[in-house]
Amino acid sequence: MSAVSSTPGDTPDSPAEFYETDAQKLAVATAEALLGAAEGGIPIGAALFSADGRLLGSGHNRRVQDHDASMHAETNAFRNAGRQQSYRGTVMVTTLSPCWYCSGLVRQFGISRVIVGDDLTFRGGQEWLAENGVDITVVNNEALIAMMGEFVELNPRLWNEDIGTD
Ligand SMILES: [Zn+2]
């Protein structure tokens with residue numbers, strides 16, 4: 001992809017790296033999803049960027065790895081970003097449409113924009129976010145859709161557990 005590089009899961013040290021395009025931002029979230037898959041987890045990744053495109057933090061779903069149902073990709077990225085004075089202008093990038101829990105996080109902290117890699121496999125609260133002034137961009141990246149579709153097909157119990165369906 002681009003010349004940018006970063007270790008997933010870490011907030012980069014200075015000098016700051018800038019991810020200008022949506023594709024560059026989505027690549028960071030995708031790398032996190034692949035890392036989660038390699039760990040035997042649910043392959044969903046996310047990253048939080050400042051208004052000017054600086055990576056604040058990235059993460060991936062850690063339900064399996066940490067036995068923690070609250071550690072979704074978005075919440076993991078949010079926690080890895082640490083405290084921010086304000087979330088105005090920030091961009092949350094996620095490989096899969098944010099669930100209601102993560103959509104609540106976006107509204108609670110006033111994250112301005114969400115980039116969604118795949119909203120065909122699953123769709124959470126993105127329309128509710130859009131109705132409440134959050135800028136939503138849906139990419140529907142073919143590789144992400146294929147990866148998530150395969151995961152759901154091979155792991156129906158784990159998937160239903162993750163989305164809270166009995
Ligand atoms: Zn979630």
# chains A, B, ... in the order shown; residues from 1 in each chain; ligands from 1
>>> residues_near_ligand(ligand="ligand 1", cutoff="10 Å", atoms="only C-alpha atoms and all ligand atoms", output="mmCIF file with N, CA and C atoms, in the first residue's frame")
data_model
loop_
_atom_site.group_PDB
_atom_site.id
_atom_site.type_symbol
_atom_site.label_atom_id
_atom_site.label_comp_id
_atom_site.auth_asym_id
_atom_site.auth_seq_id
_atom_site.Cartn_x
_atom_site.Cartn_y
_atom_site.Cartn_z
ATOM 1 N N ILE A 44 -11.730 -8.840 13.456
ATOM 2 C CA ILE A 44 -12.255 -7.487 13.299
ATOM 3 C C ILE A 44 -11.208 -6.526 13.859
ATOM 4 N N ASN A 61 -10.592 -7.100 17.932
ATOM 5 C CA ASN A 61 -11.483 -7.837 18.820
ATOM 6 C C ASN A 61 -10.656 -8.847 19.625
ATOM 7 N N ALA A 69 -15.702 -10.147 26.708
ATOM 8 C CA ALA A 69 -16.747 -9.846 25.727
ATOM 9 C C ALA A 69 -16.843 -8.363 25.408
ATOM 10 N N SER A 70 -16.254 -7.523 26.266
ATOM 11 C CA SER A 70 -16.346 -6.080 26.046
ATOM 12 C C SER A 70 -15.223 -5.557 25.157
ATOM 13 N N MET A 71 -14.279 -6.422 24.806
ATOM 14 C CA MET A 71 -13.129 -5.937 24.041
ATOM 15 C C MET A 71 -13.351 -6.129 22.550
ATOM 16 N N HIS A 72 -14.179 -5.254 22.013
ATOM 17 C CA HIS A 72 -14.397 -5.217 20.580
ATOM 18 C C HIS A 72 -13.240 -4.466 19.926
ATOM 19 N N ALA A 73 -13.159 -4.550 18.607
ATOM 20 C CA ALA A 73 -12.071 -3.870 17.898
ATOM 21 C C ALA A 73 -12.070 -2.375 18.195
ATOM 22 N N GLU A 74 -13.246 -1.774 18.163
ATOM 23 C CA GLU A 74 -13.333 -0.325 18.360
ATOM 24 C C GLU A 74 -12.959 0.062 19.788
ATOM 25 N N THR A 75 -13.433 -0.729 20.763
ATOM 26 C CA THR A 75 -13.097 -0.388 22.151
ATOM 27 C C THR A 75 -11.612 -0.614 22.417
ATOM 28 N N ASN A 76 -11.041 -1.628 21.778
ATOM 29 C CA ASN A 76 -9.606 -1.886 21.950
ATOM 30 C C ASN A 76 -8.790 -0.731 21.353
ATOM 31 N N THR A 94 -13.215 1.028 11.141
ATOM 32 C CA THR A 94 -13.447 -0.338 11.594
ATOM 33 C C THR A 94 -13.697 -1.240 10.397
ATOM 34 N N LEU A 96 -15.581 -3.780 10.284
ATOM 35 C CA LEU A 96 -16.969 -4.252 10.255
ATOM 36 C C LEU A 96 -17.868 -3.203 10.903
ATOM 37 N N SER A 97 -19.060 -3.049 10.361
ATOM 38 C CA SER A 97 -20.012 -2.055 10.871
ATOM 39 C C SER A 97 -20.095 -2.120 12.395
ATOM 40 N N PRO A 98 -20.031 -0.971 13.065
ATOM 41 C CA PRO A 98 -20.011 -0.967 14.535
ATOM 42 C C PRO A 98 -21.321 -1.464 15.136
ATOM 43 N N CYS A 99 -21.210 -2.349 16.122
ATOM 44 C CA CYS A 99 -22.379 -2.841 16.854
ATOM 45 C C CYS A 99 -22.971 -1.692 17.670
ATOM 46 N N TRP A 100 -24.079 -1.961 18.367
ATOM 47 C CA TRP A 100 -24.725 -0.905 19.165
ATOM 48 C C TRP A 100 -23.814 -0.413 20.284
ATOM 49 N N TYR A 101 -23.094 -1.326 20.862
ATOM 50 C CA TYR A 101 -22.164 -0.984 21.955
ATOM 51 C C TYR A 101 -21.094 -0.010 21.451
ATOM 52 N N CYS A 102 -20.496 -0.315 20.323
ATOM 53 C CA CYS A 102 -19.445 0.556 19.788
ATOM 54 C C CYS A 102 -20.032 1.822 19.171
ATOM 55 N N SER A 103 -21.249 1.728 18.642
ATOM 56 C CA SER A 103 -21.911 2.935 18.154
ATOM 57 C C SER A 103 -22.173 3.875 19.325
ATOM 58 N N GLY A 104 -22.520 3.310 20.482
ATOM 59 C CA GLY A 104 -22.699 4.120 21.683
ATOM 60 C C GLY A 104 -21.419 4.815 22.091
ATOM 61 N N LEU A 105 -20.302 4.118 21.951
ATOM 62 C CA LEU A 105 -18.997 4.708 22.276
ATOM 63 C C LEU A 105 -18.729 5.916 21.362
ATOM 64 N N GLY A 124 -24.624 -2.723 12.385
ATOM 65 C CA GLY A 124 -25.030 -2.362 13.735
ATOM 66 C C GLY A 124 -25.739 -1.018 13.737
ATOM 67 N N GLY A 125 -25.146 -0.037 14.426
ATOM 68 C CA GLY A 125 -25.823 1.240 14.634
ATOM 69 C C GLY A 125 -25.403 2.356 13.701
ATOM 70 N N ASP A 162 -20.548 -13.356 19.655
ATOM 71 C CA ASP A 162 -19.993 -12.000 19.559
ATOM 72 C C ASP A 162 -21.062 -10.960 19.283
ATOM 73 N N ILE A 163 -22.051 -11.306 18.461
ATOM 74 C CA ILE A 163 -23.080 -10.309 18.135
ATOM 75 C C ILE A 163 -24.280 -10.404 19.062
#
>>> select_by_dssp(residues="range 51-102 of chain A", states="helix (DSSP H, G or I)", output="PyMOL selection string")
chain A and resi 63-66+73-80+100-102
>>> write_last_selection(atoms="C-alpha atoms", output="PDB file, in the first residue's frame")
ATOM      1  CA  ARG A  63     -13.065 -11.728  23.005  1.00  0.00           C
ATOM      2  CA  VAL A  64     -11.266 -15.054  22.568  1.00  0.00           C
ATOM      3  CA  GLN A  65      -7.750 -13.939  23.494  1.00  0.00           C
ATOM      4  CA  ASP A  66      -8.713 -12.128  26.721  1.00  0.00           C
ATOM      5  CA  ALA A  73     -12.071  -3.870  17.898  1.00  0.00           C
ATOM      6  CA  GLU A  74     -13.333  -0.325  18.360  1.00  0.00           C
ATOM      7  CA  THR A  75     -13.097  -0.388  22.151  1.00  0.00           C
ATOM      8  CA  ASN A  76      -9.606  -1.886  21.950  1.00  0.00           C
ATOM      9  CA  ALA A  77      -8.487   0.878  19.547  1.00  0.00           C
ATOM     10  CA  PHE A  78     -10.165   3.482  21.755  1.00  0.00           C
ATOM     11  CA  ARG A  79      -8.372   2.236  24.862  1.00  0.00           C
ATOM     12  CA  ASN A  80      -5.025   2.023  23.047  1.00  0.00           C
ATOM     13  CA  TRP A 100     -24.725  -0.905  19.165  1.00  0.00           C
ATOM     14  CA  TYR A 101     -22.164  -0.984  21.955  1.00  0.00           C
ATOM     15  CA  CYS A 102     -19.445   0.556  19.788  1.00  0.00           C
TER      16      CYS A 102
END
>>> residues_around(residues="Leu26 in chain A", least_positions_apart="6", cutoff="12 Å", atoms="only C-alpha atoms", output="VMD selection string")
chain A and resid 1 to 2 19 to 20 32 to 33 44 to 49 53 55 58 91 to 96 114 to 118 137 to 141 143 to 144
>>> atom_distance(atom1="CA of Glu127 in chain A", atom2="CA of Val106 in chain A")
12.6 Å
>>> atom_distance(atom1="CA of Arg88 in chain A", atom2="CA of Ile136 in chain A")
14.7 Å
>>> select_by_dssp(residues="chain A", states="strand (DSSP E)", output="ChimeraX atom specification")
/A:45-49,55-60,91-94,113-116,135-138
>>> decode(residues="range 30-154 of chain A", atoms="C-alpha atoms", output="PDB file, in the first residue's frame")
ATOM      1  CA  THR A  30      -7.279  -4.435   8.271  1.00  0.00           C
ATOM      2  CA  ALA A  31      -3.799  -5.233   9.618  1.00  0.00           C
ATOM      3  CA  GLU A  32      -5.347  -5.411  13.089  1.00  0.00           C
ATOM      4  CA  ALA A  33      -8.076  -7.781  11.842  1.00  0.00           C
ATOM      5  CA  LEU A  34      -5.440 -10.063  10.333  1.00  0.00           C
ATOM      6  CA  LEU A  35      -3.454  -9.969  13.559  1.00  0.00           C
ATOM      7  CA  GLY A  36      -6.571 -10.984  15.466  1.00  0.00           C
ATOM      8  CA  ALA A  37      -7.158 -13.853  13.047  1.00  0.00           C
ATOM      9  CA  ALA A  38      -3.556 -15.007  13.454  1.00  0.00           C
ATOM     10  CA  GLU A  39      -4.096 -15.084  17.211  1.00  0.00           C
ATOM     11  CA  GLY A  40      -7.136 -17.328  16.768  1.00  0.00           C
ATOM     12  CA  GLY A  41      -9.552 -14.509  17.504  1.00  0.00           C
ATOM     13  CA  ILE A  42     -12.454 -12.868  15.735  1.00  0.00           C
ATOM     14  CA  PRO A  43     -10.995 -11.000  12.702  1.00  0.00           C
ATOM     15  CA  ILE A  44     -12.255  -7.487  13.299  1.00  0.00           C
ATOM     16  CA  GLY A  45      -9.842  -4.538  13.501  1.00  0.00           C
ATOM     17  CA  ALA A  46     -10.190  -0.828  14.147  1.00  0.00           C
ATOM     18  CA  ALA A  47      -8.132   2.332  14.461  1.00  0.00           C
ATOM     19  CA  LEU A  48      -8.730   5.837  15.755  1.00  0.00           C
ATOM     20  CA  PHE A  49      -7.209   8.819  13.937  1.00  0.00           C
ATOM     21  CA  SER A  50      -6.969  12.488  14.761  1.00  0.00           C
ATOM     22  CA  ALA A  51      -8.644  15.042  12.497  1.00  0.00           C
ATOM     23  CA  ASP A  52      -5.361  15.557  10.646  1.00  0.00           C
ATOM     24  CA  GLY A  53      -4.810  11.827  10.081  1.00  0.00           C
ATOM     25  CA  ARG A  54      -2.445  10.948  12.911  1.00  0.00           C
ATOM     26  CA  LEU A  55      -2.861   7.398  14.251  1.00  0.00           C
ATOM     27  CA  LEU A  56      -3.979   7.676  17.879  1.00  0.00           C
ATOM     28  CA  GLY A  57      -4.408   3.971  18.514  1.00  0.00           C
ATOM     29  CA  SER A  58      -5.426   0.729  16.875  1.00  0.00           C
ATOM     30  CA  GLY A  59      -6.744  -2.599  18.105  1.00  0.00           C
ATOM     31  CA  HIS A  60      -8.725  -5.723  17.359  1.00  0.00           C
ATOM     32  CA  ASN A  61     -11.483  -7.837  18.820  1.00  0.00           C
ATOM     33  CA  ARG A  62     -10.041  -9.731  21.814  1.00  0.00           C
ATOM     34  CA  ARG A  63     -13.065 -11.728  23.005  1.00  0.00           C
ATOM     35  CA  VAL A  64     -11.266 -15.054  22.568  1.00  0.00           C
ATOM     36  CA  GLN A  65      -7.750 -13.939  23.494  1.00  0.00           C
ATOM     37  CA  ASP A  66      -8.713 -12.128  26.721  1.00  0.00           C
ATOM     38  CA  HIS A  67     -11.992 -13.906  27.544  1.00  0.00           C
ATOM     39  CA  ASP A  68     -13.431 -10.414  27.472  1.00  0.00           C
ATOM     40  CA  ALA A  69     -16.747  -9.846  25.727  1.00  0.00           C
ATOM     41  CA  SER A  70     -16.346  -6.080  26.046  1.00  0.00           C
ATOM     42  CA  MET A  71     -13.129  -5.937  24.041  1.00  0.00           C
ATOM     43  CA  HIS A  72     -14.397  -5.217  20.580  1.00  0.00           C
ATOM     44  CA  ALA A  73     -12.071  -3.870  17.898  1.00  0.00           C
ATOM     45  CA  GLU A  74     -13.333  -0.325  18.360  1.00  0.00           C
ATOM     46  CA  THR A  75     -13.097  -0.388  22.151  1.00  0.00           C
ATOM     47  CA  ASN A  76      -9.606  -1.886  21.950  1.00  0.00           C
ATOM     48  CA  ALA A  77      -8.487   0.878  19.547  1.00  0.00           C
ATOM     49  CA  PHE A  78     -10.165   3.482  21.755  1.00  0.00           C
ATOM     50  CA  ARG A  79      -8.372   2.236  24.862  1.00  0.00           C
ATOM     51  CA  ASN A  80      -5.025   2.023  23.047  1.00  0.00           C
ATOM     52  CA  ALA A  81      -5.444   5.659  22.017  1.00  0.00           C
ATOM     53  CA  GLY A  82      -5.356   6.705  25.664  1.00  0.00           C
ATOM     54  CA  ARG A  83      -6.941   9.902  26.943  1.00  0.00           C
ATOM     55  CA  GLN A  84      -7.760  12.581  24.432  1.00  0.00           C
ATOM     56  CA  GLN A  85      -8.694  16.126  25.362  1.00  0.00           C
ATOM     57  CA  SER A  86     -11.420  16.062  22.731  1.00  0.00           C
ATOM     58  CA  TYR A  87     -12.693  13.596  20.162  1.00  0.00           C
ATOM     59  CA  ARG A  88     -14.042  16.299  17.892  1.00  0.00           C
ATOM     60  CA  GLY A  89     -12.837  15.634  14.378  1.00  0.00           C
ATOM     61  CA  THR A  90     -11.510  12.164  15.152  1.00  0.00           C
ATOM     62  CA  VAL A  91     -12.122   9.284  12.765  1.00  0.00           C
ATOM     63  CA  MET A  92     -12.862   5.704  13.837  1.00  0.00           C
ATOM     64  CA  VAL A  93     -12.069   3.164  11.148  1.00  0.00           C
ATOM     65  CA  THR A  94     -13.447  -0.338  11.594  1.00  0.00           C
ATOM     66  CA  THR A  95     -13.352  -3.373   9.336  1.00  0.00           C
ATOM     67  CA  LEU A  96     -16.969  -4.252  10.255  1.00  0.00           C
ATOM     68  CA  SER A  97     -20.012  -2.055  10.871  1.00  0.00           C
ATOM     69  CA  PRO A  98     -20.011  -0.967  14.535  1.00  0.00           C
ATOM     70  CA  CYS A  99     -22.379  -2.841  16.854  1.00  0.00           C
ATOM     71  CA  TRP A 100     -24.725  -0.905  19.165  1.00  0.00           C
ATOM     72  CA  TYR A 101     -22.164  -0.984  21.955  1.00  0.00           C
ATOM     73  CA  CYS A 102     -19.445   0.556  19.788  1.00  0.00           C
ATOM     74  CA  SER A 103     -21.911   2.935  18.154  1.00  0.00           C
ATOM     75  CA  GLY A 104     -22.699   4.120  21.683  1.00  0.00           C
ATOM     76  CA  LEU A 105     -18.997   4.708  22.276  1.00  0.00           C
ATOM     77  CA  VAL A 106     -18.804   6.842  19.120  1.00  0.00           C
ATOM     78  CA  ARG A 107     -21.710   9.005  20.310  1.00  0.00           C
ATOM     79  CA  GLN A 108     -20.643   9.154  23.941  1.00  0.00           C
ATOM     80  CA  PHE A 109     -17.262  10.622  23.091  1.00  0.00           C
ATOM     81  CA  GLY A 110     -18.300  12.661  20.065  1.00  0.00           C
ATOM     82  CA  ILE A 111     -16.180  10.873  17.472  1.00  0.00           C
ATOM     83  CA  SER A 112     -16.989  12.749  14.270  1.00  0.00           C
ATOM     84  CA  ARG A 113     -16.579  10.208  11.536  1.00  0.00           C
ATOM     85  CA  VAL A 114     -16.691   6.420  11.076  1.00  0.00           C
ATOM     86  CA  ILE A 115     -15.265   4.530   8.100  1.00  0.00           C
ATOM     87  CA  VAL A 116     -16.810   1.060   7.736  1.00  0.00           C
ATOM     88  CA  GLY A 117     -14.940  -1.648   5.834  1.00  0.00           C
ATOM     89  CA  ASP A 118     -17.895  -4.070   5.556  1.00  0.00           C
ATOM     90  CA  ASP A 119     -21.581  -3.512   6.323  1.00  0.00           C
ATOM     91  CA  LEU A 120     -22.887  -6.499   4.362  1.00  0.00           C
ATOM     92  CA  THR A 121     -21.831  -9.235   6.802  1.00  0.00           C
ATOM     93  CA  PHE A 122     -23.235  -7.288   9.741  1.00  0.00           C
ATOM     94  CA  ARG A 123     -24.813  -3.891  10.286  1.00  0.00           C
ATOM     95  CA  GLY A 124     -25.030  -2.362  13.735  1.00  0.00           C
ATOM     96  CA  GLY A 125     -25.823   1.240  14.634  1.00  0.00           C
ATOM     97  CA  GLN A 126     -24.309   3.104  11.700  1.00  0.00           C
ATOM     98  CA  GLU A 127     -27.642   4.485  10.459  1.00  0.00           C
ATOM     99  CA  TRP A 128     -28.469   5.735  13.951  1.00  0.00           C
ATOM    100  CA  LEU A 129     -25.048   7.401  14.029  1.00  0.00           C
ATOM    101  CA  ALA A 130     -25.684   9.043  10.648  1.00  0.00           C
ATOM    102  CA  GLU A 131     -29.058  10.336  11.856  1.00  0.00           C
ATOM    103  CA  ASN A 132     -27.237  11.925  14.779  1.00  0.00           C
ATOM    104  CA  GLY A 133     -24.662  13.791  12.781  1.00  0.00           C
ATOM    105  CA  VAL A 134     -21.805  11.307  12.529  1.00  0.00           C
ATOM    106  CA  ASP A 135     -20.232  11.208   9.074  1.00  0.00           C
ATOM    107  CA  ILE A 136     -20.421   7.569   7.899  1.00  0.00           C
ATOM    108  CA  THR A 137     -18.402   6.230   4.970  1.00  0.00           C
ATOM    109  CA  VAL A 138     -19.059   2.640   3.860  1.00  0.00           C
ATOM    110  CA  VAL A 139     -16.290   1.094   1.773  1.00  0.00           C
ATOM    111  CA  ASN A 140     -17.503  -2.519   1.431  1.00  0.00           C
ATOM    112  CA  ASN A 141     -14.044  -3.801   0.640  1.00  0.00           C
ATOM    113  CA  GLU A 142     -14.302  -7.147  -1.170  1.00  0.00           C
ATOM    114  CA  ALA A 143     -11.417  -8.792   0.685  1.00  0.00           C
ATOM    115  CA  LEU A 144     -12.872  -7.840   4.073  1.00  0.00           C
ATOM    116  CA  ILE A 145     -16.331  -9.086   3.111  1.00  0.00           C
ATOM    117  CA  ALA A 146     -14.841 -12.384   1.954  1.00  0.00           C
ATOM    118  CA  MET A 147     -12.736 -12.775   5.104  1.00  0.00           C
ATOM    119  CA  MET A 148     -15.651 -12.052   7.441  1.00  0.00           C
ATOM    120  CA  GLY A 149     -18.045 -14.245   5.469  1.00  0.00           C
ATOM    121  CA  GLU A 150     -15.635 -17.152   5.701  1.00  0.00           C
ATOM    122  CA  PHE A 151     -15.156 -16.601   9.422  1.00  0.00           C
ATOM    123  CA  VAL A 152     -18.915 -16.573  10.071  1.00  0.00           C
ATOM    124  CA  GLU A 153     -19.399 -19.723   8.022  1.00  0.00           C
ATOM    125  CA  LEU A 154     -16.658 -21.611   9.842  1.00  0.00           C
TER     126      LEU A 154
END
